[in-house]
Every structure is written in structure tokens, then in C-alpha cells.
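Peer 1: Handing you this structure, nothing more for now.
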Amino acid sequence: MDVAALRTQLESLRGVSTDSVRLRNARLWAGADVIVTDVMPEAVKSGFRPDARYVVTPFAHQLSWLIVQMWESFKPFMNGTTKIEFFGRLANAANRQIAGSETGEDASELLHAVLHEGFAIADELEDGSFQYLVVAVGNNIYDDLIDEAERQGYLTVDETLRWFSDRGLS
């Protein structure tokens with residue numbers, strides 16, 4: 001699969017209704033050190049494995065469905081090392097959107113932010129700039145090390161909607 005086909009698959013996800021029964025009933029995502037849930041669990045005992053990266057949202061099922069769909073599209077481009085960065089970046093995008101929401105959490109805005117991150121990753125795969133840590137010590141990923149002032153690709157909700165609209169994906 002080439003990146004153009006990947007983008008086409010991502011574009012097809014843009015129009016999915018967040019009210020869809022299949023999205024509301026999707027199995028919650030847990031994998032690659034990322035857990036999507038609607039309730040933060042009580043303190044988890046640390047063990048051999050590092051703490052997971054949590055995304056806590058009332059739209060956990062919808063987000064989990066989107067993450068699975070995106071993984072199916074990105075799988076041919078990923079391996080055991082790069083997938084930790086991929087899932088971590090999707091979780092970081094979700095958490096940035098949740099933390100930055102001025103109007104309260106909204107399923108559509110959350111999914112747009114994560115899908116936008118997928119387009120950013122596709123661009124990086126195409127131009128060879130996708131960066132990741134070979135070893136994710138303590139569940140840190142390359143995206144965690146980027147200073148917020150240097151971060152490219154994160155958009156406000158309005159900027160994200162405009163980005164999709166400018167590409168005819170509204």
C-alpha cells in the first residue's frame with residue numbers, strides 16, 4: 001500500500017457519524033501501552049511494565065473504534081517499534097484536545113483531532129520524517145519530547161475543522 005491509498009482510507013473515516021451504534025458499542029482500546037477508557041482506574045501497582053498512557057473520555061468507545069480503524073490502515077507502514085509511537089501520538093492528540101477544549105468535550109472534535117494526527121503521521125511517512133524512539137523507556141515516545149512551542153501539527157478545534165474543509169472533507 002502506498003501513502004496515497006492510506007490517505008484515501010483516512011478520508012473515508014472523516015464522514016463516520018459519532019452516533020453510530022457500532023461506534024457506541026465498540027470494544028475499548030487497550031494495546032501498545034495506550035488505554036482508552038471512560039473511567040480512570042484506581043491507582044495501578046507499578047510492576048515490570050511502565051504505566052500505560054491513558055485517554056479518559058466519555059467517548060471512549062467511539063475513540064476506540066477510530067483507533068482500530070486507523071490501525072488497520074497504518075499497519076502496513078508500522079512495525080513493533082514504530083507502533084508504540086503511532087498509538088502514543090494518537091493518545092497524545094486526544095489528550096491535548098480534551099485538555100484544550102473550551103466548550104466541554106465533544107465526540108466529533110475529539111475524533112477530528114485524532115484523525116488529523118493520523119494525516120500528520122501519513123505526511124511524515126511519505127516524506128521520511130516520521131520519528132520514533134527505538135526503545136520507549138518508561139513509555140516515553142518521541143512525541144513526548146517535543147517542546148510544545150516546537151510542536152507542529154496540533155490545531156485548535158476551529159483550525160482542525162478548517163483544515164478538513166479546505167481539503168473537501170467536511
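If you're wondering about the labels, chains in the C-alpha cells are A, B, ... by order shown, residues count from 1 in each chain, ligands from 1 in order shown.
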Just want the 12 Å neighbourhood of Gly31 of chain A, counted on only C-alpha atoms, with same-chain residues fewer than 4 positions away dropped. Output as a compact mmCIF listing (two decimals) with all heavy atoms, in the first residue's frame.

Peer 2:
# COMPACT_ATOMS: atom_id res chain seq x y z
N ILE A 35 -4.30 3.01 26.78
CA ILE A 35 -5.60 2.52 27.24
C ILE A 35 -6.60 3.65 27.08
O ILE A 35 -6.38 4.75 27.58
CB ILE A 35 -5.55 2.05 28.70
CG1 ILE A 35 -4.61 0.83 28.83
CG2 ILE A 35 -6.95 1.72 29.21
CD1 ILE A 35 -4.39 0.36 30.25
N VAL A 36 -7.68 3.37 26.37
CA VAL A 36 -8.78 4.32 26.21
C VAL A 36 -9.91 3.82 27.10
O VAL A 36 -10.34 2.68 26.99
CB VAL A 36 -9.23 4.41 24.74
CG1 VAL A 36 -10.40 5.38 24.60
CG2 VAL A 36 -8.07 4.84 23.84
N ALA A 52 0.69 2.71 31.67
CA ALA A 52 0.08 2.95 30.36
C ALA A 52 -0.21 4.44 30.18
O ALA A 52 -0.27 5.20 31.14
CB ALA A 52 -1.21 2.15 30.24
N ARG A 53 -0.40 4.82 28.96
CA ARG A 53 -0.83 6.17 28.59
C ARG A 53 -2.35 6.10 28.49
O ARG A 53 -2.88 5.42 27.63
CB ARG A 53 -0.19 6.51 27.24
CG ARG A 53 -0.41 7.89 26.72
CD ARG A 53 0.30 8.05 25.37
NE ARG A 53 1.69 7.64 25.44
CZ ARG A 53 2.71 8.44 25.71
NH1 ARG A 53 2.49 9.71 25.92
NH2 ARG A 53 3.94 7.98 25.77
N TYR A 54 -3.03 6.79 29.38
CA TYR A 54 -4.49 6.74 29.42
C TYR A 54 -5.12 7.90 28.66
O TYR A 54 -4.62 9.02 28.70
CB TYR A 54 -4.99 6.81 30.87
CG TYR A 54 -4.83 5.51 31.62
CD1 TYR A 54 -3.68 5.24 32.34
CD2 TYR A 54 -5.84 4.56 31.60
CE1 TYR A 54 -3.54 4.05 33.04
CE2 TYR A 54 -5.71 3.37 32.29
CZ TYR A 54 -4.56 3.11 33.00
OH TYR A 54 -4.43 1.94 33.68
N SER A 64 -12.09 4.50 20.55
CA SER A 64 -11.51 3.16 20.38
C SER A 64 -11.78 2.63 18.98
O SER A 64 -10.90 2.06 18.32
CB SER A 64 -12.06 2.20 21.43
OG SER A 64 -11.64 2.58 22.71
N ILE A 67 -9.51 4.40 16.53
CA ILE A 67 -8.13 3.94 16.65
C ILE A 67 -7.95 2.60 15.96
O ILE A 67 -6.96 2.39 15.24
CB ILE A 67 -7.71 3.88 18.14
CG1 ILE A 67 -7.53 5.31 18.68
CG2 ILE A 67 -6.44 3.07 18.33
CD1 ILE A 67 -7.31 5.39 20.18
N VAL A 68 -8.90 1.69 16.13
CA VAL A 68 -8.80 0.38 15.46
C VAL A 68 -8.84 0.55 13.94
O VAL A 68 -8.05 -0.07 13.21
CB VAL A 68 -9.93 -0.56 15.94
CG1 VAL A 68 -10.02 -1.80 15.07
CG2 VAL A 68 -9.71 -0.94 17.39
N TRP A 71 -5.55 1.97 12.82
CA TRP A 71 -4.50 0.95 12.90
C TRP A 71 -4.55 0.03 11.69
O TRP A 71 -3.53 -0.31 11.12
CB TRP A 71 -4.61 0.17 14.20
CG TRP A 71 -3.63 -0.98 14.26
CD1 TRP A 71 -3.94 -2.30 14.41
CD2 TRP A 71 -2.22 -0.91 14.16
NE1 TRP A 71 -2.79 -3.04 14.40
CE2 TRP A 71 -1.71 -2.22 14.25
CE3 TRP A 71 -1.32 0.14 13.99
CZ2 TRP A 71 -0.35 -2.51 14.19
CZ3 TRP A 71 0.05 -0.15 13.93
CH2 TRP A 71 0.51 -1.46 14.03
N GLY A 80 6.98 -3.37 15.20
CA GLY A 80 6.88 -3.44 16.65
C GLY A 80 7.42 -2.22 17.36
O GLY A 80 7.00 -1.92 18.48
N LYS A 83 4.99 1.20 16.13
CA LYS A 83 3.58 1.21 16.57
C LYS A 83 3.42 1.87 17.93
O LYS A 83 2.38 2.47 18.20
CB LYS A 83 2.99 -0.20 16.57
CG LYS A 83 3.43 -1.07 17.72
CD LYS A 83 2.74 -2.40 17.71
CE LYS A 83 3.13 -3.21 18.93
NZ LYS A 83 2.45 -4.48 18.97
N ILE A 84 4.43 1.83 18.79
CA ILE A 84 4.35 2.49 20.10
C ILE A 84 4.24 4.00 19.89
O ILE A 84 3.44 4.67 20.55
CB ILE A 84 5.58 2.14 20.97
CG1 ILE A 84 5.68 0.64 21.21
CG2 ILE A 84 5.55 2.92 22.28
CD1 ILE A 84 4.52 0.02 21.96
N PHE A 86 3.11 5.46 17.10
CA PHE A 86 1.83 5.69 16.43
C PHE A 86 0.68 5.79 17.45
O PHE A 86 -0.04 6.79 17.50
CB PHE A 86 1.56 4.55 15.43
CG PHE A 86 0.19 4.56 14.85
CD1 PHE A 86 -0.16 5.46 13.85
CD2 PHE A 86 -0.78 3.67 15.30
CE1 PHE A 86 -1.45 5.47 13.31
CE2 PHE A 86 -2.06 3.66 14.77
CZ PHE A 86 -2.39 4.57 13.77
N PHE A 87 0.52 4.77 18.28
CA PHE A 87 -0.57 4.77 19.26
C PHE A 87 -0.38 5.87 20.30
O PHE A 87 -1.34 6.51 20.72
CB PHE A 87 -0.72 3.40 19.92
CG PHE A 87 -1.29 2.37 19.01
CD1 PHE A 87 -0.51 1.32 18.55
CD2 PHE A 87 -2.61 2.43 18.60
CE1 PHE A 87 -1.03 0.35 17.71
CE2 PHE A 87 -3.15 1.46 17.75
CZ PHE A 87 -2.35 0.43 17.30
N GLY A 88 0.86 6.08 20.70
CA GLY A 88 1.13 7.15 21.67
C GLY A 88 0.77 8.52 21.13
O GLY A 88 0.22 9.36 21.85
N ALA A 91 -2.98 8.94 21.18
CA ALA A 91 -3.41 9.21 22.55
C ALA A 91 -3.05 10.64 22.96
O ALA A 91 -3.86 11.34 23.58
CB ALA A 91 -2.78 8.20 23.51

Peer 1: Could you pull the residues within 10 Å of Arg14 of chain A, counting only C-alpha atoms, minus those fewer than 4 positions along the same chain, as number ranges by chain?

Peer 2: A: 9-10, 66, 108, 111-112, 115-116, 164, 169-170

Peer 1: Output N, CA, C and O atoms for every residue in that selection, as an mmCIF file, in the first residue's frame.

Peer 2:
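Full text of out-v2.cif as output:
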data_model
loop_
_atom_site.group_PDB
_atom_site.id
_atom_site.type_symbol
_atom_site.label_atom_id
_atom_site.label_comp_id
_atom_site.auth_asym_id
_atom_site.auth_seq_id
_atom_site.Cartn_x
_atom_site.Cartn_y
_atom_site.Cartn_z
ATOM 1 N N GLN A 9 -8.028 6.044 2.702
ATOM 2 C CA GLN A 9 -8.671 5.330 3.808
ATOM 3 C C GLN A 9 -8.958 6.273 4.971
ATOM 4 O O GLN A 9 -10.017 6.205 5.587
ATOM 5 N N LEU A 10 -8.023 7.169 5.269
ATOM 6 C CA LEU A 10 -8.246 8.141 6.340
ATOM 7 C C LEU A 10 -9.397 9.079 5.989
ATOM 8 O O LEU A 10 -10.221 9.400 6.842
ATOM 9 N N LEU A 66 -12.314 4.372 16.270
ATOM 10 C CA LEU A 66 -11.488 5.111 15.317
ATOM 11 C C LEU A 66 -10.045 4.629 15.354
ATOM 12 O O LEU A 66 -9.423 4.434 14.307
ATOM 13 N N SER A 108 -17.189 14.618 18.257
ATOM 14 C CA SER A 108 -16.734 14.974 16.911
ATOM 15 C C SER A 108 -15.387 15.689 16.951
ATOM 16 O O SER A 108 -14.487 15.390 16.167
ATOM 17 N N LEU A 111 -12.611 13.133 17.812
ATOM 18 C CA LEU A 111 -12.274 12.262 16.686
ATOM 19 C C LEU A 111 -11.557 13.039 15.591
ATOM 20 O O LEU A 111 -10.631 12.516 14.959
ATOM 21 N N HIS A 112 -11.941 14.282 15.357
ATOM 22 C CA HIS A 112 -11.253 15.107 14.354
ATOM 23 C C HIS A 112 -9.792 15.326 14.739
ATOM 24 O O HIS A 112 -8.905 15.272 13.886
ATOM 25 N N LEU A 115 -7.941 12.046 14.142
ATOM 26 C CA LEU A 115 -7.830 11.795 12.709
ATOM 27 C C LEU A 115 -6.828 12.755 12.066
ATOM 28 O O LEU A 115 -6.027 12.352 11.208
ATOM 29 N N HIS A 116 -6.829 14.003 12.512
ATOM 30 C CA HIS A 116 -5.848 14.959 11.995
ATOM 31 C C HIS A 116 -4.428 14.484 12.287
ATOM 32 O O HIS A 116 -3.532 14.593 11.444
ATOM 33 N N PHE A 164 -9.915 20.300 7.513
ATOM 34 C CA PHE A 164 -10.708 19.296 6.818
ATOM 35 C C PHE A 164 -11.537 19.952 5.697
ATOM 36 O O PHE A 164 -11.621 19.423 4.596
ATOM 37 N N LEU A 169 -13.228 17.739 2.947
ATOM 38 C CA LEU A 169 -13.586 16.604 3.780
ATOM 39 C C LEU A 169 -14.581 16.983 4.868
ATOM 40 O O LEU A 169 -14.716 16.291 5.866
ATOM 41 N N SER A 170 -15.322 18.066 4.685
ATOM 42 C CA SER A 170 -16.241 18.496 5.740
ATOM 43 C C SER A 170 -17.555 17.780 5.681
ATOM 44 O O SER A 170 -17.855 16.976 4.937
#

Peer 1: Residues at most 12 Å from Ser73 of chain A, counting only C-alpha atoms, excluding those fewer than 3 positions away in the same chain, as a ChimeraX atom specification?

Peer 2: /A:1-13,66-70,76-78,86,115,118-119,121-122

Peer 1: At what distance in Å, to one decimal, does atom CA of Leu23 of chain A lie from atom CA of Gln62 of chain A?

Peer 2: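 Value for the atom CA of Gln62 of chain A-atom CA of Leu23 of chain A distance: 4.7 Å.
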
Peer 1: Please return, as a list in words, all residues of segment 45-119 of chain A that DSSP assigns to strand (DSSP E) on the basis of the backbone.

Peer 2: Arg53, Tyr54, Val55 and Val56 of chain A

Peer 1: Those same residues - N, CA, C and O atoms - I'd like them written as a PDB file, in the first residue's frame.

Peer 2:
ATOM      1  N   ARG A  53      -0.400   4.816  28.960  1.00  0.00           N
ATOM      2  CA  ARG A  53      -0.825   6.168  28.590  1.00  0.00           C
ATOM      3  C   ARG A  53      -2.346   6.105  28.490  1.00  0.00           C
ATOM      4  O   ARG A  53      -2.878   5.415  27.628  1.00  0.00           O
ATOM      5  N   TYR A  54      -3.033   6.788  29.378  1.00  0.00           N
ATOM      6  CA  TYR A  54      -4.490   6.741  29.424  1.00  0.00           C
ATOM      7  C   TYR A  54      -5.116   7.900  28.658  1.00  0.00           C
ATOM      8  O   TYR A  54      -4.617   9.021  28.704  1.00  0.00           O
ATOM      9  N   VAL A  55      -6.234   7.607  28.006  1.00  0.00           N
ATOM     10  CA  VAL A  55      -7.134   8.624  27.479  1.00  0.00           C
ATOM     11  C   VAL A  55      -8.469   8.347  28.149  1.00  0.00           C
ATOM     12  O   VAL A  55      -9.063   7.293  27.940  1.00  0.00           O
ATOM     13  N   VAL A  56      -8.902   9.271  28.985  1.00  0.00           N
ATOM     14  CA  VAL A  56     -10.154   9.108  29.724  1.00  0.00           C
ATOM     15  C   VAL A  56     -11.169  10.073  29.131  1.00  0.00           C
ATOM     16  O   VAL A  56     -10.979  11.289  29.173  1.00  0.00           O
TER      17      VAL A  56
END

Peer 1: Rounded to one decimal place, report the atom CA of Asn139 of chain A-atom CA of Ala120 of chain A distance in Å.

Peer 2: 21.4 Å

Peer 1: DSSP on the backbone: which residues in segment 64-142 of chain A end up as alpha helix (DSSP H)? Give the answer as a PyMOL selection string.

Peer 2: chain A and resi 64-74+82-100+107-127

Peer 1: Have a look at A:Lys75, A:Arg162, A:Phe130, A:Thr57 and name the one nearest to Gln97 of chain A; count only C-alpha atoms.

Peer 2: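 The closest residue to Gln97 of chain A is A:Thr57.
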
Peer 1: Env of Gln131 of chain A: 9 Å cut, atoms = only C-alpha atoms, seq-sep filter 4 positions within chain, self excluded. Answer as a list of chain:residue names.

Peer 2: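 Result of the neighbour search: A:Thr82, A:Glu85, A:Glu124, A:Tyr142, A:Asp143.
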
Peer 1: Of the residues A:Ala99, A:Leu161, A:Ala26, A:Leu133, which is the one nearest to His61 of chain A, using only C-alpha atoms?

Peer 2: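 Of all the options, A:Ala26 lies closest to His61 of chain A.
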
Peer 1: For a quick check of understanding, using only C-alpha atoms, which of A:Asp158, A:Leu28, A:Gly168, A:Asp19 has the smallest distance to Gly100 of chain A?

Peer 2: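 For Gly100 of chain A, the nearest of the candidates is A:Asp158.
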
Peer 1: Restricting the calculation to only C-alpha atoms, which member of A:Ala94, A:Ala30, A:Ile146, A:Val135 is positioned closest to Ala107 of chain A?

Peer 2: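 Smallest distance to Ala107 of chain A is found for A:Ala94.
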
Peer 1: Quick one, how far is atom CA of Ser129 of chain A from atom CA of Trp163 of chain A?

Peer 2: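 Interatomic distance, atom CA of Ser129 of chain A to atom CA of Trp163 of chain A: 20.8 Å.
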
Peer 1: Using only C-alpha atoms, pick whichever of A:Asp38, A:Phe59, A:Trp65, A:Thr81 has the shortest atom-to-atom distance to Glu105 of chain A.

Peer 2: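 So, comparing all the options, the nearest one is A:Phe59.
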